[in-house]
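Asks: My file is final.csv. It has CSV, C-alpha atoms:
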```csv
chain,number,residue,atom,x,y,z
O,67,MET,CA,16.3,8.9,8.1
O,68,ILE,CA,16.7,11.2,5.1
O,69,GLU,CA,14.8,14.4,4.2
O,70,ILE,CA,13.3,14.9,0.8
O,71,ASP,CA,11.3,18.1,0.5
O,72,ASP,CA,8.8,18.1,3.3
O,73,LYS,CA,9.2,14.3,3.9
O,74,ILE,CA,11.2,12.5,6.5
O,75,VAL,CA,11.9,9.1,5.0
O,76,SER,CA,13.1,5.9,6.7
O,77,LEU,CA,16.3,4.4,5.4
O,78,ASP,CA,14.4,1.1,5.4
O,79,LEU,CA,12.9,2.0,2.0
O,80,ILE,CA,16.4,1.9,0.6
O,81,GLU,CA,18.2,-0.7,2.8
O,82,LYS,CA,15.5,-3.3,3.1
O,83,HIS,CA,14.9,-5.7,0.2
O,84,PHE,CA,11.3,-6.5,-0.5
O,85,GLN,CA,9.3,-8.1,-3.3
O,86,CYS,CA,5.7,-9.4,-2.7
O,87,ASP,CA,5.3,-13.1,-3.0
O,88,LEU,CA,1.6,-13.8,-3.3
O,89,SER,CA,2.1,-17.5,-3.7
O,90,GLN,CA,3.5,-17.5,-0.1
O,91,CYS,CA,1.6,-14.8,1.8
O,92,LYS,CA,-1.7,-15.3,-0.1
O,93,GLY,CA,-2.5,-11.6,0.1
O,94,GLN,CA,-3.0,-11.6,3.9
O,95,CYS,CA,-2.5,-7.9,4.1
O,96,CYS,CA,-6.0,-7.6,2.7
O,97,VAL,CA,-7.4,-10.0,5.3
O,98,GLU,CA,-5.5,-9.6,8.6
O,99,GLY,CA,-4.8,-6.5,10.7
O,100,ASP,CA,-6.3,-4.3,13.3
O,101,GLY,CA,-8.1,-1.9,11.0
O,102,GLY,CA,-9.0,-1.0,7.5
O,103,ALA,CA,-6.8,0.7,5.0
O,104,PRO,CA,-6.6,4.5,5.3
O,105,LEU,CA,-8.6,6.5,2.8
O,106,SER,CA,-8.7,10.1,1.6
O,107,LEU,CA,-11.9,12.0,1.0
O,108,GLU,CA,-11.2,11.9,-2.7
O,109,GLU,CA,-10.7,8.2,-2.7
O,110,ILE,CA,-14.0,7.7,-0.8
O,111,ASP,CA,-15.8,9.6,-3.6
O,112,ILE,CA,-14.0,7.6,-6.3
O,113,ILE,CA,-14.9,4.3,-4.6
O,114,GLU,CA,-18.5,5.3,-4.2
O,115,ALA,CA,-18.7,6.4,-7.8
O,116,ASN,CA,-17.2,3.1,-9.1
O,117,TYR,CA,-18.8,0.7,-6.6
O,118,SER,CA,-21.4,-0.6,-9.1
O,119,VAL,CA,-18.5,-1.6,-11.4
O,120,PHE,CA,-16.0,-3.3,-9.1
O,121,SER,CA,-18.5,-4.8,-6.6
O,122,GLN,CA,-19.0,-7.7,-9.1
O,123,PHE,CA,-15.6,-9.0,-7.9
O,124,MET,CA,-16.3,-8.6,-4.2
O,125,THR,CA,-17.5,-11.4,-1.8
O,126,ALA,CA,-21.1,-11.5,-0.6
O,127,GLU,CA,-19.7,-10.8,2.9
O,128,GLY,CA,-17.9,-7.7,1.6
O,129,LYS,CA,-21.1,-6.4,-0.1
O,130,ASN,CA,-23.0,-6.9,3.1
O,131,ALA,CA,-20.3,-5.0,5.1
O,132,ILE,CA,-20.7,-2.1,2.7
O,133,GLU,CA,-24.5,-2.1,3.0
O,134,GLU,CA,-24.2,-2.2,6.8
O,135,GLN,CA,-21.2,0.2,7.3
O,136,GLY,CA,-21.0,2.4,4.2
O,137,PHE,CA,-18.0,2.9,1.9
O,138,PHE,CA,-15.7,3.8,4.8
O,139,THR,CA,-15.6,3.8,8.6
O,140,ILE,CA,-13.8,5.9,11.2
O,141,ASP,CA,-11.2,4.0,13.2
O,142,GLU,CA,-10.2,4.6,16.8
O,143,ASP,CA,-7.7,7.3,15.7
O,144,GLY,CA,-10.4,9.2,13.9
O,145,ASP,CA,-9.1,8.3,10.5
O,146,ARG,CA,-11.2,7.2,7.5
O,147,VAL,CA,-10.6,3.6,6.6
O,148,THR,CA,-12.0,0.8,4.5
O,149,PRO,CA,-14.8,-1.2,6.2
O,150,LEU,CA,-14.0,-4.7,7.4
O,151,ILE,CA,-15.8,-8.0,7.3
O,152,ASN,CA,-16.2,-9.3,10.9
O,153,ASN,CA,-13.4,-7.0,12.0
O,154,GLN,CA,-10.9,-8.8,9.8
O,155,ALA,CA,-10.8,-8.8,6.0
O,156,CYS,CA,-11.2,-5.6,4.0
O,157,ALA,CA,-14.7,-5.3,2.6
O,158,TYR,CA,-13.2,-4.7,-0.9
O,159,VAL,CA,-11.4,-8.0,-0.9
O,160,ALA,CA,-11.7,-10.4,-3.9
O,161,TYR,CA,-10.3,-13.9,-4.2
O,162,GLU,CA,-8.6,-15.9,-6.9
O,163,GLY,CA,-8.4,-19.3,-5.5
O,164,ASP,CA,-6.9,-18.9,-2.0
O,165,ILE,CA,-5.2,-15.6,-2.8
O,166,ALA,CA,-6.8,-12.4,-1.5
O,167,LEU,CA,-6.7,-9.5,-3.9
O,168,CYS,CA,-8.4,-6.1,-4.2
O,169,ALA,CA,-11.8,-6.0,-6.1
O,170,ILE,CA,-11.1,-2.4,-7.0
O,171,GLU,CA,-7.7,-3.3,-8.6
O,172,LYS,CA,-9.3,-6.3,-10.4
O,173,ALA,CA,-11.7,-3.8,-12.1
O,174,PHE,CA,-8.8,-1.5,-12.9
O,175,ASN,CA,-6.7,-4.3,-14.4
O,176,LYS,CA,-9.7,-5.2,-16.6
O,177,LYS,CA,-9.8,-1.6,-17.7
O,178,LEU,CA,-13.3,-1.2,-16.3
O,179,ILE,CA,-12.3,1.8,-14.1
O,180,ASP,CA,-9.3,4.2,-14.0
O,181,PHE,CA,-8.7,4.1,-10.3
O,182,GLN,CA,-6.2,1.4,-9.3
O,183,LYS,CA,-6.8,1.1,-5.5
O,184,PRO,CA,-6.4,3.3,-2.4
O,185,ILE,CA,-2.8,4.7,-2.3
O,186,SER,CA,-2.3,3.3,1.2
O,187,CYS,CA,-2.9,-0.2,-0.2
O,188,HIS,CA,-0.7,0.4,-3.3
O,189,LEU,CA,2.2,1.7,-1.2
O,190,TYR,CA,2.1,-1.1,1.4
O,191,PRO,CA,4.3,-1.9,3.4
O,192,ILE,CA,5.2,1.8,3.2
O,193,ARG,CA,3.0,3.8,5.6
O,194,THR,CA,2.8,7.6,5.9
O,195,LYS,CA,1.8,9.9,8.8
O,196,GLN,CA,1.3,13.6,8.4
O,197,TYR,CA,2.8,15.7,11.2
O,198,LYS,CA,2.5,19.5,11.4
O,199,GLU,CA,5.8,20.2,9.6
O,200,PHE,CA,6.5,17.1,7.7
O,201,LEU,CA,5.2,13.8,6.3
O,202,ALA,CA,6.8,10.7,7.8
O,203,VAL,CA,7.4,7.9,5.3
O,204,ASN,CA,8.1,4.6,7.0
O,205,TYR,CA,8.3,0.9,6.6
O,206,HIS,CA,5.5,-1.0,8.4
O,207,GLN,CA,7.1,-4.3,9.5
O,208,TRP,CA,4.6,-7.2,9.7
O,209,ASN,CA,5.3,-11.0,10.0
O,210,ILE,CA,3.0,-11.8,7.1
O,211,CYS,CA,5.5,-10.0,4.8
O,212,LYS,CA,8.4,-12.3,5.7
O,213,PRO,CA,8.1,-14.1,2.3
O,214,ALA,CA,8.4,-10.7,0.6
O,215,LEU,CA,11.6,-9.9,2.5
O,216,LYS,CA,13.1,-13.3,1.6
O,217,LYS,CA,12.2,-12.9,-2.1
O,218,GLY,CA,13.5,-9.3,-2.1
O,219,LYS,CA,16.7,-10.4,-0.6
O,220,GLN,CA,17.1,-13.2,-3.3
O,221,THR,CA,16.4,-10.7,-6.1
O,222,GLN,CA,18.3,-7.8,-4.4
O,223,THR,CA,15.3,-5.5,-4.9
O,224,PRO,CA,15.2,-2.5,-2.6
O,225,MET,CA,11.7,-1.8,-1.2
O,226,TYR,CA,11.3,1.5,-2.9
O,227,ARG,CA,12.3,0.0,-6.3
O,228,PHE,CA,9.8,-2.8,-6.0
O,229,LEU,CA,7.2,-0.1,-5.1
O,230,GLU,CA,8.3,2.3,-7.9
O,231,SER,CA,4.8,2.7,-9.4
O,232,PRO,CA,3.0,3.6,-6.1
O,233,VAL,CA,5.9,5.7,-4.9
O,234,LYS,CA,5.7,7.8,-8.0
O,235,ARG,CA,1.9,7.9,-7.8
O,236,ALA,CA,2.0,9.1,-4.2
O,237,PHE,CA,5.1,11.4,-4.2
O,238,GLY,CA,6.1,12.1,-7.8
O,239,GLU,CA,9.0,11.2,-10.2
O,240,ASP,CA,11.4,13.7,-8.5
O,241,PHE,CA,10.9,12.0,-5.1
O,242,TYR,CA,11.6,8.6,-6.6
O,243,GLN,CA,14.8,10.0,-8.3
O,244,GLN,CA,15.9,11.4,-5.0
O,245,LEU,CA,15.6,7.9,-3.4
O,246,LYS,CA,17.8,6.5,-6.2
O,247,ILE,CA,20.4,9.2,-5.5
O,248,ALA,CA,20.3,8.4,-1.8
O,249,GLU,CA,20.7,4.7,-2.6
O,250,GLU,CA,23.8,5.4,-4.7
O,251,TYR,CA,25.2,7.6,-1.9
O,252,PHE,CA,24.7,5.0,0.7
O,253,LYS,CA,26.2,2.3,-1.5
O,254,GLN,CA,29.3,4.4,-2.1
O,255,SER,CA,29.6,5.2,1.6
O,256,ASN,CA,29.5,1.5,2.5
O,257,ASP,CA,32.2,0.5,0.0
```
Show the structure stored in the file as structure tokens.

Replies:
Amino acid sequence: MIEIDDKIVSLDLIEKHFQCDLSQCKGQCCVEGDGGAPLSLEEIDIIEANYSVFSQFMTAEGKNAIEEQGFFTIDEDGDRVTPLINNQACAYVAYEGDIALCAIEKAFNKKLIDFQKPISCHLYPIRTKQYKEFLAVNYHQWNICKPALKKGKQTQTPMYRFLESPVKRAFGEDFYQQLKIAEEYFKQSND
């Protein structure tokens, strides 16, 4: 673990190699799991305000889930999360062939909205947890991401570098630069 400002960061972000391989995993992080993706109050407002735009990319089942459950649900831990279709896929899922994607991000990529997707989705497999005195920043290990670990190892891409854009979006440029410094330090220590 390393400490950056008020964050305790797992060394996995530096030491693990990771690069999403949608051709292998098929975007299963949007389809499988034991709950929806965490959402902030601000994100819920943005999703609700942009729903009429990005819903065109959603499945009929996803739209039904929103009608029945609303734009978010509360999970067993009391957190606000994305609604699910039949307790599985995220209601905001979209498909291109057999690959699951985010309907919100599809609208963003087409420049229809200026919100990319919830930060918890953008950061994945990085997960955060707020404690009283610090924010824990950890790697969430999941079997469906094995192809990403393999591809990351082939390309020698540290997880935080693959996730540069969401890391900067969530924590800022300075935090990202501190990770680069930590990576250099650990490389030199191991030589």

Asks: What lies within 9 Å of Tyr205 (chain O) using all atoms listed in the file, ignoring chain neighbours under 6 positions off, as a ChimeraX atom specification?

Replies: /O:76-79,190-194,225

Asks: Just want the 10 Å neighbourhood of Gly93 (chain O), counted on all atoms listed in the file, with same-chain residues fewer than 4 positions away dropped. Output as a PDB file with C-alpha atoms, in the coordinates of the input.

Replies:
```pdb
ATOM      1  CA  CYS O  86       5.700  -9.400  -2.700  1.00  0.00           C
ATOM      2  CA  ASP O  87       5.300 -13.100  -3.000  1.00  0.00           C
ATOM      3  CA  LEU O  88       1.600 -13.800  -3.300  1.00  0.00           C
ATOM      4  CA  SER O  89       2.100 -17.500  -3.700  1.00  0.00           C
ATOM      5  CA  VAL O  97      -7.400 -10.000   5.300  1.00  0.00           C
ATOM      6  CA  GLU O  98      -5.500  -9.600   8.600  1.00  0.00           C
ATOM      7  CA  VAL O 159     -11.400  -8.000  -0.900  1.00  0.00           C
ATOM      8  CA  TYR O 161     -10.300 -13.900  -4.200  1.00  0.00           C
ATOM      9  CA  ASP O 164      -6.900 -18.900  -2.000  1.00  0.00           C
ATOM     10  CA  ILE O 165      -5.200 -15.600  -2.800  1.00  0.00           C
ATOM     11  CA  ALA O 166      -6.800 -12.400  -1.500  1.00  0.00           C
ATOM     12  CA  LEU O 167      -6.700  -9.500  -3.900  1.00  0.00           C
ATOM     13  CA  CYS O 168      -8.400  -6.100  -4.200  1.00  0.00           C
ATOM     14  CA  ILE O 210       3.000 -11.800   7.100  1.00  0.00           C
ATOM     15  CA  CYS O 211       5.500 -10.000   4.800  1.00  0.00           C
TER      16      CYS O 211
END
```

Asks: Anything within 7 Å of (-18.1, -1.3, 3.8): list those residues as an MDAnalysis selection string, counting all atoms listed in the file and sticking to the file's coordinates.

Replies: chainID O and resid 128 131:138 148:150 157

Asks: Could you please determine the separation between CA of Gln244 (chain O) and CA of Met67 (chain O) in Å, to one decimal place?

Replies: 13.3 Å

Asks: Considering only C-alpha atoms, can you say which of O:Leu189, O:Leu229, O:Cys95, O:Ala169 comes closest to Ile113 (chain O)?

Replies: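 That would be O:Ala169, the residue with the smallest distance to Ile113 (chain O).
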
Asks: For Val75 (chain O), work out the shell of residues within 7 Å, counting all atoms listed in the file and skipping chain neighbours fewer than 4 positions away, then give it as an NGL selection string.

Replies: :O and (67-69 or 202-204)

Asks: Quick check, in Å to one decimal: how far apart do CA of Tyr197 (chain O) and CA of Gln154 (chain O) lie?

Replies: 28.1 Å

Asks: In terms of the shortest atom-to-atom distance over only C-alpha atoms, which of O:Pro104, O:Ile185, O:Phe120, O:Gln94 is closest to Phe237 (chain O)?

Replies: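 Of all the options, O:Ile185 lies closest to Phe237 (chain O).
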
Asks: Taking into account all atoms listed in the file, which residue in the set O:Phe241, O:Tyr251, O:Phe200, O:Phe174 is nearest to Lys73 (chain O)?

Replies: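 For Lys73 (chain O), the nearest of the candidates is O:Phe200.
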
Asks: Quick one: distance from CA of Ser106 (chain O) to CA of Ile151 (chain O) in Å, one decimal?

Replies: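 According to the coordinates, CA of Ser106 (chain O) and CA of Ile151 (chain O) are separated by 20.3 Å.
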
Asks: Check the smallest atom-to-atom distance from each of O:Asn209, O:Asn152, O:Thr139, O:Asn116 to Glu171 (chain O) using all atoms listed in the file, then report the winner.

Replies: O:Asn116

Asks: Go through O:Thr221, O:Glu250, O:Ser231, O:Asp240 one by one, measure the shortest atom-to-atom distance of each to His83 (chain O) using all atoms listed in the file, and give the residue with the smallest value.

Replies: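 Among O:Thr221, O:Glu250, O:Ser231, O:Asp240, it is O:Thr221 that comes nearest to His83 (chain O).
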
Asks: Near Pro224 (chain O), counting only C-alpha atoms, which residues have an atom at most 10 Å away, once you skip same-chain residues fewer than 4 positions from it, shown as a list in words?

Replies: Asp78, Leu79, Ile80, Glu81, Lys82, His83, Phe84, Gln85, Leu215, Gly218, Lys219, Phe228, Leu229, Glu230 and Glu249 of chain O

Asks: Can you spit out the residues from that selection as a short mmCIF file (atom, residue, chain, number, x, y, z; two decimals), keeping the file's coordinate frame, using C-alpha atoms?

Replies:
```cif
data_model
loop_
_atom_site.label_atom_id
_atom_site.label_comp_id
_atom_site.auth_asym_id
_atom_site.auth_seq_id
_atom_site.Cartn_x
_atom_site.Cartn_y
_atom_site.Cartn_z
CA ASP O 78 14.40 1.10 5.40
CA LEU O 79 12.90 2.00 2.00
CA ILE O 80 16.40 1.90 0.60
CA GLU O 81 18.20 -0.70 2.80
CA LYS O 82 15.50 -3.30 3.10
CA HIS O 83 14.90 -5.70 0.20
CA PHE O 84 11.30 -6.50 -0.50
CA GLN O 85 9.30 -8.10 -3.30
CA LEU O 215 11.60 -9.90 2.50
CA GLY O 218 13.50 -9.30 -2.10
CA LYS O 219 16.70 -10.40 -0.60
CA PHE O 228 9.80 -2.80 -6.00
CA LEU O 229 7.20 -0.10 -5.10
CA GLU O 230 8.30 2.30 -7.90
CA GLU O 249 20.70 4.70 -2.60
#
```
